[in-house]
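K.L.:
I am sharing target38.tsv, which consists of TSV, C-alpha atoms:
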```tsv
chain	number	residue	atom	x	y	z
A	1	MET	CA	104.33	124.67	74.73
A	2	PRO	CA	102.73	126.50	71.81
A	3	PHE	CA	103.43	125.28	68.31
A	4	SER	CA	105.70	127.41	66.16
A	5	ASP	CA	104.52	128.67	62.77
A	6	ALA	CA	106.75	126.05	61.14
A	7	ASP	CA	105.10	123.26	63.16
A	8	LEU	CA	101.64	124.45	62.20
A	9	ILE	CA	102.60	124.73	58.53
A	10	ALA	CA	103.99	121.18	58.61
A	11	ARG	CA	100.71	119.92	60.10
A	12	VAL	CA	98.68	121.70	57.42
A	13	LEU	CA	100.82	120.26	54.65
A	14	ALA	CA	100.85	116.74	56.05
A	15	ARG	CA	97.25	116.39	57.22
A	16	GLU	CA	95.32	119.29	55.74
A	17	ASP	CA	94.72	120.30	59.34
A	18	HIS	CA	92.11	123.08	59.41
A	19	ASN	CA	92.72	123.73	63.10
A	20	ALA	CA	96.42	124.29	62.53
A	21	PHE	CA	95.68	126.70	59.70
A	22	GLY	CA	93.07	128.41	61.87
A	23	GLU	CA	95.75	128.99	64.49
A	24	LEU	CA	98.00	130.53	61.83
A	25	VAL	CA	95.15	132.82	60.78
A	26	ARG	CA	94.45	133.77	64.41
A	27	ARG	CA	98.11	134.67	64.96
A	28	HIS	CA	98.55	136.74	61.83
A	29	GLN	CA	95.12	138.20	61.08
A	30	SER	CA	95.66	141.39	63.07
A	31	PRO	CA	98.79	142.74	61.33
A	32	VAL	CA	97.56	141.59	57.90
A	33	ARG	CA	94.15	143.23	58.34
A	34	ALA	CA	95.70	146.39	59.81
A	35	PHE	CA	98.12	146.59	56.89
A	36	LEU	CA	95.34	146.11	54.34
A	37	ALA	CA	93.17	148.66	56.13
A	38	ARG	CA	96.01	151.16	55.76
A	39	MET	CA	96.39	150.23	52.10
A	40	ALA	CA	92.62	150.50	51.55
A	41	ARG	CA	92.65	153.96	53.14
A	42	GLY	CA	90.63	152.88	56.13
A	43	ASP	CA	87.97	150.84	54.31
A	44	ALA	CA	87.65	148.02	56.86
A	45	HIS	CA	85.20	145.97	54.78
A	46	LEU	CA	87.48	146.02	51.76
A	47	ALA	CA	90.46	145.24	53.98
A	48	ASP	CA	88.69	142.21	55.46
A	49	ASP	CA	87.66	140.94	52.02
A	50	LEU	CA	91.25	141.26	50.81
A	51	ALA	CA	92.55	139.66	54.02
A	52	GLN	CA	90.22	136.69	53.56
A	53	GLU	CA	91.43	136.27	49.98
A	54	THR	CA	95.00	136.56	51.27
A	55	PHE	CA	94.56	133.68	53.72
A	56	LEU	CA	92.68	131.54	51.22
A	57	LYS	CA	95.50	132.02	48.74
A	58	ALA	CA	98.02	131.21	51.47
A	59	TRP	CA	96.12	127.98	52.12
A	60	LYS	CA	96.28	127.02	48.45
A	61	LYS	CA	99.91	128.00	47.99
A	62	LEU	CA	101.28	126.89	51.34
A	63	HIS	CA	103.37	124.13	49.74
A	64	THR	CA	105.34	126.86	47.94
A	65	PHE	CA	106.40	128.52	51.21
A	66	ARG	CA	110.07	127.61	51.53
A	67	GLY	CA	110.70	128.96	55.00
A	68	ASN	CA	113.58	131.20	53.93
A	69	ALA	CA	111.57	134.22	55.08
A	70	ARG	CA	109.26	134.76	58.04
A	71	PHE	CA	105.75	133.45	57.47
A	72	SER	CA	104.39	136.93	58.21
A	73	THR	CA	106.62	138.40	55.49
A	74	TRP	CA	105.29	135.82	53.03
A	75	LEU	CA	101.72	136.69	54.05
A	76	PHE	CA	102.33	140.42	53.62
A	77	GLY	CA	103.57	139.66	50.11
A	78	ILE	CA	100.35	137.85	49.24
A	79	ALA	CA	98.31	140.62	50.88
A	80	PHE	CA	100.05	143.33	48.90
A	81	ASN	CA	99.53	141.37	45.66
A	82	GLU	CA	95.83	141.03	46.50
A	83	PHE	CA	95.62	144.77	47.08
A	84	ARG	CA	97.55	145.53	43.88
A	85	ASP	CA	95.29	143.20	41.86
A	86	PHE	CA	92.25	144.87	43.36
A	87	VAL	CA	93.54	148.32	42.44
A	88	ARG	CA	94.42	147.11	38.97
A	89	ARG	CA	90.92	145.74	38.56
A	90	ARG	CA	89.43	149.02	39.66
A	91	LYS	CA	91.86	150.94	37.44
A	92	GLU	CA	92.60	153.29	40.28
A	93	LEU	CA	96.35	153.32	39.99
A	94	ALA	CA	96.22	156.48	37.91
A	95	LEU	CA	94.59	158.26	40.84
A	96	GLU	CA	97.48	157.36	43.07
A	97	ASP	CA	100.10	159.38	41.30
A	98	ALA	CA	102.71	160.52	43.77
A	99	ASP	CA	102.41	164.05	42.43
A	100	ASN	CA	98.72	164.25	43.30
A	101	LEU	CA	99.38	165.64	46.73
A	102	PRO	CA	96.94	168.40	47.61
A	103	ASN	CA	98.27	171.92	47.73
A	104	GLU	CA	96.81	172.45	51.18
A	105	PRO	CA	98.35	170.24	53.82
A	106	ALA	CA	96.14	168.34	56.24
A	107	THR	CA	94.78	170.51	58.99
A	108	ALA	CA	95.25	169.69	62.63
A	109	ARG	CA	92.14	168.75	64.51
A	110	ASP	CA	92.47	169.91	68.09
A	111	GLY	CA	95.79	168.21	68.46
A	112	LEU	CA	94.56	164.83	67.31
A	113	LEU	CA	97.88	164.01	65.74
A	114	ARG	CA	97.09	160.36	65.32
A	115	LEU	CA	94.03	161.13	63.23
A	116	ASP	CA	96.13	163.46	61.14
A	117	LEU	CA	98.69	160.74	60.63
A	118	THR	CA	95.97	158.41	59.40
A	119	GLU	CA	94.77	161.06	56.99
A	120	ALA	CA	98.31	161.86	55.90
A	121	LEU	CA	99.04	158.20	55.19
A	122	LYS	CA	96.06	158.08	52.86
A	123	ARG	CA	97.72	160.72	50.71
A	124	LEU	CA	100.80	158.66	49.95
A	125	SER	CA	100.98	156.57	46.80
A	126	SER	CA	100.24	152.88	47.38
A	127	ASN	CA	103.91	151.90	47.09
A	128	GLU	CA	105.03	154.62	49.50
A	129	ARG	CA	102.24	153.78	51.93
A	130	ALA	CA	103.04	150.07	51.83
A	131	ALA	CA	106.75	150.66	52.34
A	132	VAL	CA	106.28	153.11	55.22
A	133	VAL	CA	103.63	151.01	56.99
A	134	LEU	CA	105.51	147.73	56.63
A	135	CYS	CA	108.82	149.21	57.71
A	136	CYS	CA	107.80	151.73	60.38
A	137	GLN	CA	104.63	150.12	61.69
A	138	ASN	CA	105.11	146.41	61.23
A	139	GLY	CA	108.83	146.47	61.91
A	140	LEU	CA	109.96	144.72	58.73
A	141	SER	CA	113.53	145.30	57.58
A	142	HIS	CA	114.16	147.03	54.27
A	143	GLU	CA	115.13	143.66	52.79
A	144	GLU	CA	111.86	142.10	53.96
A	145	VAL	CA	109.85	145.00	52.56
A	146	SER	CA	111.71	144.52	49.30
A	147	GLN	CA	110.59	140.86	49.29
A	148	VAL	CA	107.01	141.73	50.13
A	149	LEU	CA	106.67	144.43	47.50
A	150	ASP	CA	108.76	142.48	45.00
A	151	CYS	CA	110.86	145.48	44.11
A	152	PRO	CA	114.55	146.40	44.43
A	153	LEU	CA	115.98	147.42	47.80
A	154	GLY	CA	116.86	150.87	46.46
A	155	THR	CA	113.26	151.47	45.41
A	156	VAL	CA	112.05	150.51	48.87
A	157	LYS	CA	114.46	152.93	50.53
A	158	THR	CA	113.43	155.67	48.11
A	159	ASN	CA	109.72	155.03	48.77
A	160	ILE	CA	110.26	155.12	52.52
A	161	LEU	CA	112.26	158.33	52.37
A	162	ARG	CA	109.79	159.95	50.00
A	163	GLY	CA	106.82	158.76	52.05
A	164	LYS	CA	108.30	160.05	55.30
A	165	ASP	CA	109.14	163.33	53.66
A	166	LYS	CA	105.53	163.74	52.53
A	167	LEU	CA	104.25	162.76	55.97
A	168	ARG	CA	106.54	165.34	57.51
A	169	ARG	CA	105.23	168.02	55.20
A	170	LEU	CA	101.62	167.01	55.69
A	171	LEU	CA	101.93	166.78	59.46
A	172	ALA	CA	103.81	170.02	59.96
A	173	PRO	CA	100.70	172.05	60.91
A	174	ALA	CA	99.52	169.26	63.19
A	175	TYR	CA	102.79	169.41	65.07
A	176	LYS	CA	102.39	173.13	65.59
A	177	ASN	CA	98.87	172.69	67.01
A	178	TYR	CA	100.07	169.80	69.12
A	179	GLU	CA	102.87	171.89	70.56
A	180	SER	CA	100.68	174.92	71.22
A	181	ALA	CA	98.04	172.70	72.88
A	182	GLY	CA	100.73	171.38	75.18
A	183	ASN	CA	101.79	174.86	76.29
B	1	MET	CA	104.14	161.09	73.30
B	2	ASN	CA	105.99	164.21	74.21
B	3	PRO	CA	106.08	167.04	71.72
B	4	PRO	CA	109.50	167.72	70.27
B	5	GLU	CA	111.86	170.12	71.92
B	6	THR	CA	113.13	171.56	68.66
B	7	ASN	CA	111.96	172.09	65.10
B	8	ASP	CA	114.81	170.02	63.78
B	9	PRO	CA	113.53	168.02	60.79
B	10	LEU	CA	115.23	164.93	62.15
B	11	ASP	CA	113.30	165.21	65.41
B	12	GLU	CA	110.15	165.55	63.40
B	13	LEU	CA	111.03	162.49	61.38
B	14	LEU	CA	111.74	160.44	64.49
B	15	ARG	CA	108.46	161.57	65.96
B	16	VAL	CA	106.60	160.32	62.90
B	17	ASP	CA	108.38	156.99	63.24
B	18	ALA	CA	107.43	156.74	66.87
B	19	LEU	CA	103.84	157.62	66.09
B	20	LEU	CA	103.73	154.94	63.47
B	21	HIS	CA	104.96	152.43	66.04
B	22	GLU	CA	102.28	153.58	68.46
B	23	GLN	CA	99.64	153.20	65.82
B	24	ASN	CA	99.79	149.45	65.59
B	25	PRO	CA	96.47	148.51	67.10
B	26	HIS	CA	95.44	144.92	67.55
B	27	VAL	CA	92.57	144.12	65.24
B	28	ASP	CA	90.03	141.97	67.08
B	29	ASP	CA	89.38	138.66	65.39
B	30	ALA	CA	85.58	139.12	65.62
B	31	GLY	CA	84.88	135.88	63.77
B	32	PHE	CA	87.38	136.53	60.99
B	33	THR	CA	89.33	133.31	61.59
B	34	ALA	CA	86.14	131.25	61.65
B	35	ARG	CA	85.02	132.78	58.35
B	36	VAL	CA	88.36	132.00	56.72
B	37	VAL	CA	88.47	128.43	58.01
B	38	SER	CA	84.90	127.75	56.91
B	39	ALA	CA	85.75	128.98	53.41
B	40	LEU	CA	88.84	126.79	52.99
B	41	PRO	CA	88.63	124.66	49.85
B	42	ARG	CA	90.04	121.16	49.59
B	43	ARG	CA	93.68	121.68	48.83
B	44	HIS	CA	95.36	118.34	48.89
B	45	ALA	CA	93.31	116.10	46.62
B	46	TRP	CA	95.68	116.38	43.68
B	47	PHE	CA	98.82	116.42	45.79
B	48	ARG	CA	97.79	113.23	47.57
B	49	LEU	CA	96.94	111.43	44.36
B	50	ARG	CA	99.94	112.68	42.44
B	51	PRO	CA	102.52	110.10	43.61
B	52	VAL	CA	100.01	107.28	43.20
B	53	LEU	CA	99.14	108.40	39.69
B	54	LEU	CA	102.77	108.81	38.73
B	55	LEU	CA	103.82	105.44	40.12
B	56	GLY	CA	100.81	103.73	38.55
B	57	THR	CA	101.55	105.30	35.19
B	58	ALA	CA	105.19	104.31	35.48
B	59	ALA	CA	104.25	100.71	36.33
B	60	VAL	CA	101.80	100.40	33.43
B	61	GLY	CA	104.29	102.08	31.12
B	62	SER	CA	107.03	99.67	32.18
B	63	VAL	CA	104.85	96.64	31.45
B	64	LEU	CA	103.85	98.02	28.05
B	65	ALA	CA	107.45	98.89	27.28
B	66	ALA	CA	108.63	95.43	28.26
B	67	PHE	CA	106.13	93.79	25.89
B	68	TRP	CA	105.89	96.23	23.01
B	69	LEU	CA	109.29	97.70	22.53
B	70	PRO	CA	111.34	95.79	19.90
B	71	TRP	CA	113.99	94.57	22.31
B	72	ALA	CA	114.93	91.57	20.18
B	73	SER	CA	115.30	93.51	16.98
B	74	LEU	CA	117.34	96.39	18.34
B	75	PRO	CA	120.37	96.93	16.14
B	76	ALA	CA	123.75	96.42	17.72
B	77	LEU	CA	125.29	99.65	18.89
B	78	SER	CA	128.85	100.27	17.94
B	79	ALA	CA	130.93	103.37	17.69
B	80	PRO	CA	131.08	103.35	13.86
B	81	ALA	CA	127.29	102.82	13.68
B	82	MET	CA	126.67	105.73	16.04
B	83	LEU	CA	129.13	108.00	14.25
B	84	SER	CA	127.55	107.20	10.89
B	85	LEU	CA	124.27	108.73	12.21
B	86	ASP	CA	122.40	105.94	10.46
B	87	ALA	CA	118.72	106.49	11.27
B	88	GLN	CA	117.99	102.76	10.98
B	89	VAL	CA	120.40	102.14	13.85
B	90	LEU	CA	119.80	105.21	16.01
B	91	TRP	CA	116.03	105.64	15.74
B	92	PRO	CA	115.01	102.42	17.56
B	93	TRP	CA	117.47	103.23	20.33
B	94	ALA	CA	116.17	106.78	20.55
B	95	GLU	CA	112.64	105.42	21.03
B	96	VAL	CA	113.80	103.07	23.78
B	97	LEU	CA	115.77	105.81	25.54
B	98	LEU	CA	112.80	108.16	25.38
B	99	VAL	CA	110.48	105.60	26.96
B	100	VAL	CA	112.98	104.67	29.68
B	101	ALA	CA	113.69	108.34	30.44
B	102	SER	CA	109.97	109.09	30.73
B	103	LEU	CA	109.41	106.17	33.09
B	104	THR	CA	112.42	107.19	35.19
B	105	TRP	CA	111.15	110.77	35.42
B	106	ALA	CA	107.72	109.53	36.57
B	107	VAL	CA	109.29	107.43	39.36
B	108	VAL	CA	111.56	110.27	40.51
B	109	ALA	CA	108.66	112.75	40.48
B	110	ALA	CA	106.53	110.32	42.48
B	111	ILE	CA	109.27	109.96	45.10
B	112	GLN	CA	109.69	113.73	45.31
B	113	ALA	CA	105.94	114.18	45.67
B	114	GLU	CA	105.99	111.73	48.58
B	115	ASP	CA	108.62	113.89	50.32
```
Could you render the structure as C-alpha cells?
P.N.:
Amino acid sequence: MPFSDADLIARVLAREDHNAFGELVRRHQSPVRAFLARMARGDAHLADDLAQETFLKAWKKLHTFRGNARFSTWLFGIAFNEFRDFVRRRKELALEDADNLPNEPATARDGLLRLDLTEALKRLSSNERAAVVLCCQNGLSHEEVSQVLDCPLGTVKTNILRGKDKLRRLLAPAYKNYESAGN
Amino acid sequence: MNPPETNDPLDELLRVDALLHEQNPHVDDAGFTARVVSALPRRHAWFRLRPVLLLGTAAVGSVLAAFWLPWASLPALSAPAMLSLDAQVLWPWAEVLLVVASLTWAVVAAIQAED
C-alpha cells in the first residue's frame, strides 16, 4: 500500500528521510511546475528554478505544515510566493497592470484554440492568472485559492471572474475560427 | 472538444473552463526530483539539538540557582509586606521567581520540542 502524504511528511520530520521527501517531490512536481510555467508565461527554465526553490523551502519549513490544508495547497502557496518574490526582484509588477491588455485580441491560428488559450493566459495579470489556473486547471476550491494567494475570498472570486472575462474576450476570434473550421 | 452550439456567453465561459481542464498536462520528471533531493540541505541539526540544549541549560541553571540564590536570607512573605510594596522584601522574591520561571519555560520548551 502506498504511503499517504501525511505518512511521508511524518517520516521526513522524524528521520530526515530524503527518500520520503523525494517521493513527495515526485508526486507533486508536475502540478507545481505546470503552475509555475503558467505563471512564468511559458518560461520552463524559470519555472523549474522556481519549482526547485519551492521544494527546498518546503523541506526547510516542513515542520510548520499543520495539515489543516492539503499538502498540494501548501506547496502552491510556497510556489506562488516564490514567483511573487521573483517578480518583485525583477520589478516587473508594473508591467502586469490589468489594464495593459492589448487593443487587438489574440488571433486564431488555424483553429489551434489551445495555443490561443496559452497566449491569452499570458495576458492576464499575475493574480488573475494564478487564480484562474489554480481554480480551473488545478481544481482548487475558491477557499483553497484564497489560502494559496493569501488574499480574501472576495478578491479571489473577483480575479477569477475578471480573468475569465478577459479570456473570453481574447478568445472570441479563436472560437469563430474554430467553429468555421469545423463546418 | 466540440464547438459550442450557440454564442451564449455562458457557453463560451464553460468552454474556456473545459479547455483549462484539458490543458493540465503531466510534466515529466526528467531528473527534477533527483536534482531537488541532491540539493537538500541539512534541516534537522538545530531541531535535534534543541531539546538537549534546553534540558542541559535548565539542569545547569537549576544547580546554579540552588547554590547561588539567597534561599536562607529570603524575607518572609506576608500580606502586609506584599501590600507595602517594600522593595527590600519583594525584590529578592522577584529574582527567585524570574529564575524559576525561566527554568520551567526551558523544561516545557524541551518537552514540546521532543513532541
K.L.:
Go ahead and compute the interatomic distance for atom CA of Arg38 of chain A and atom CA of Arg129 of chain A, in Å to one decimal.
P.N.:
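Result for atom CA of Arg38 of chain A versus atom CA of Arg129 of chain A: 7.8 Å, one decimal.
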K.L.:
Would you pick out the contacts of segment 100-111 of chain B at 10 Å or less, using only C-alpha atoms, so that residues sharing its chain but fewer than 4 positions from it are not included, and give the list as a PyMOL selection string?
P.N.:
chain B and resi 49-62+65+94-96+115
K.L.:
Export C-alpha atoms of the chosen residues as a compact mmCIF listing (two decimals), in the frame of the given file?
P.N.:
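Output file out-v1.txt follows:
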```
# COMPACT_ATOMS: atom_id res chain seq x y z
CA LEU B 49 96.94 111.43 44.36
CA ARG B 50 99.94 112.68 42.44
CA PRO B 51 102.52 110.10 43.61
CA VAL B 52 100.01 107.28 43.20
CA LEU B 53 99.14 108.40 39.69
CA LEU B 54 102.77 108.81 38.73
CA LEU B 55 103.82 105.44 40.12
CA GLY B 56 100.81 103.73 38.55
CA THR B 57 101.55 105.30 35.19
CA ALA B 58 105.19 104.31 35.48
CA ALA B 59 104.25 100.71 36.33
CA VAL B 60 101.80 100.40 33.43
CA GLY B 61 104.29 102.08 31.12
CA SER B 62 107.03 99.67 32.18
CA ALA B 65 107.45 98.89 27.28
CA ALA B 94 116.17 106.78 20.55
CA GLU B 95 112.64 105.42 21.03
CA VAL B 96 113.80 103.07 23.78
CA ASP B 115 108.62 113.89 50.32
```
K.L.:
Using only C-alpha atoms, which chain A residues lie at most 9 Å away from chain B, written as a VMD selection string?
P.N.:
chain A and resid 13 15 to 16 18 to 19 21 to 23 25 to 26 29 to 31 33 to 34 48 52 to 53 55 to 56 59 to 61 113 to 114 117 132 to 133 136 to 139 164 to 165 167 to 168 171 to 172 175 178 to 179 182
K.L.:
In Å, rounded to a single decimal, give me how far atom CA of His28 of chain A is from atom CA of Ile9 of chain A.
P.N.:
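For atom CA of Ile9 of chain A relative to atom CA of His28 of chain A, the distance reads 13.1 Å.
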K.L.:
Could you tell me, as a list of chain:residue names, which residues have any atom at most 10 Å from (113.4, 140.6, 52.7), counting only C-alpha atoms?
P.N.:
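Checked against the point, the hits come out as A:Asn68, A:Ala69, A:Arg70, A:Thr73, A:Trp74, A:Leu140, A:Ser141, A:His142, A:Glu143, A:Glu144, A:Val145, A:Ser146, A:Gln147, A:Val148, A:Leu149, A:Asp150, A:Leu153.
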K.L.:
Separation of atom CA of Lys122 of chain A and atom CA of Gly154 of chain A, in Å?
P.N.:
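Taking atom CA of Lys122 of chain A as the start and atom CA of Gly154 of chain A as the end point, the length is 22.9 Å.
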K.L.:
Using all atoms listed in the file, pick whichever of A:Ala14, A:Phe83, A:Leu24, A:Ile78 has the shortest atom-to-atom distance to Ala47 of chain A.
P.N.:
A:Phe83
K.L.:
Can you list, as a list in words, every protein, DNA or RNA residue that comes within 10 Å of Lys166 of chain A when you count all atoms listed in the file, leaving out same-chain residues fewer than 2 positions away?
P.N.:
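Non-adjacent residues within range: Ala98, Leu101, Pro105, Ala120, Leu121, Arg123, Leu124, Glu128, Ile160, Leu161, Arg162, Gly163, Lys164, Arg168, Arg169, Leu170, Leu171 and Ala172 of chain A.
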K.L.:
Rank nothing, just name the residue among A:Leu8, A:Val87, A:Leu134, A:Asn159 nearest to Phe71 of chain A, using only C-alpha atoms.
P.N.:
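The closest residue to Phe71 of chain A is A:Leu8.
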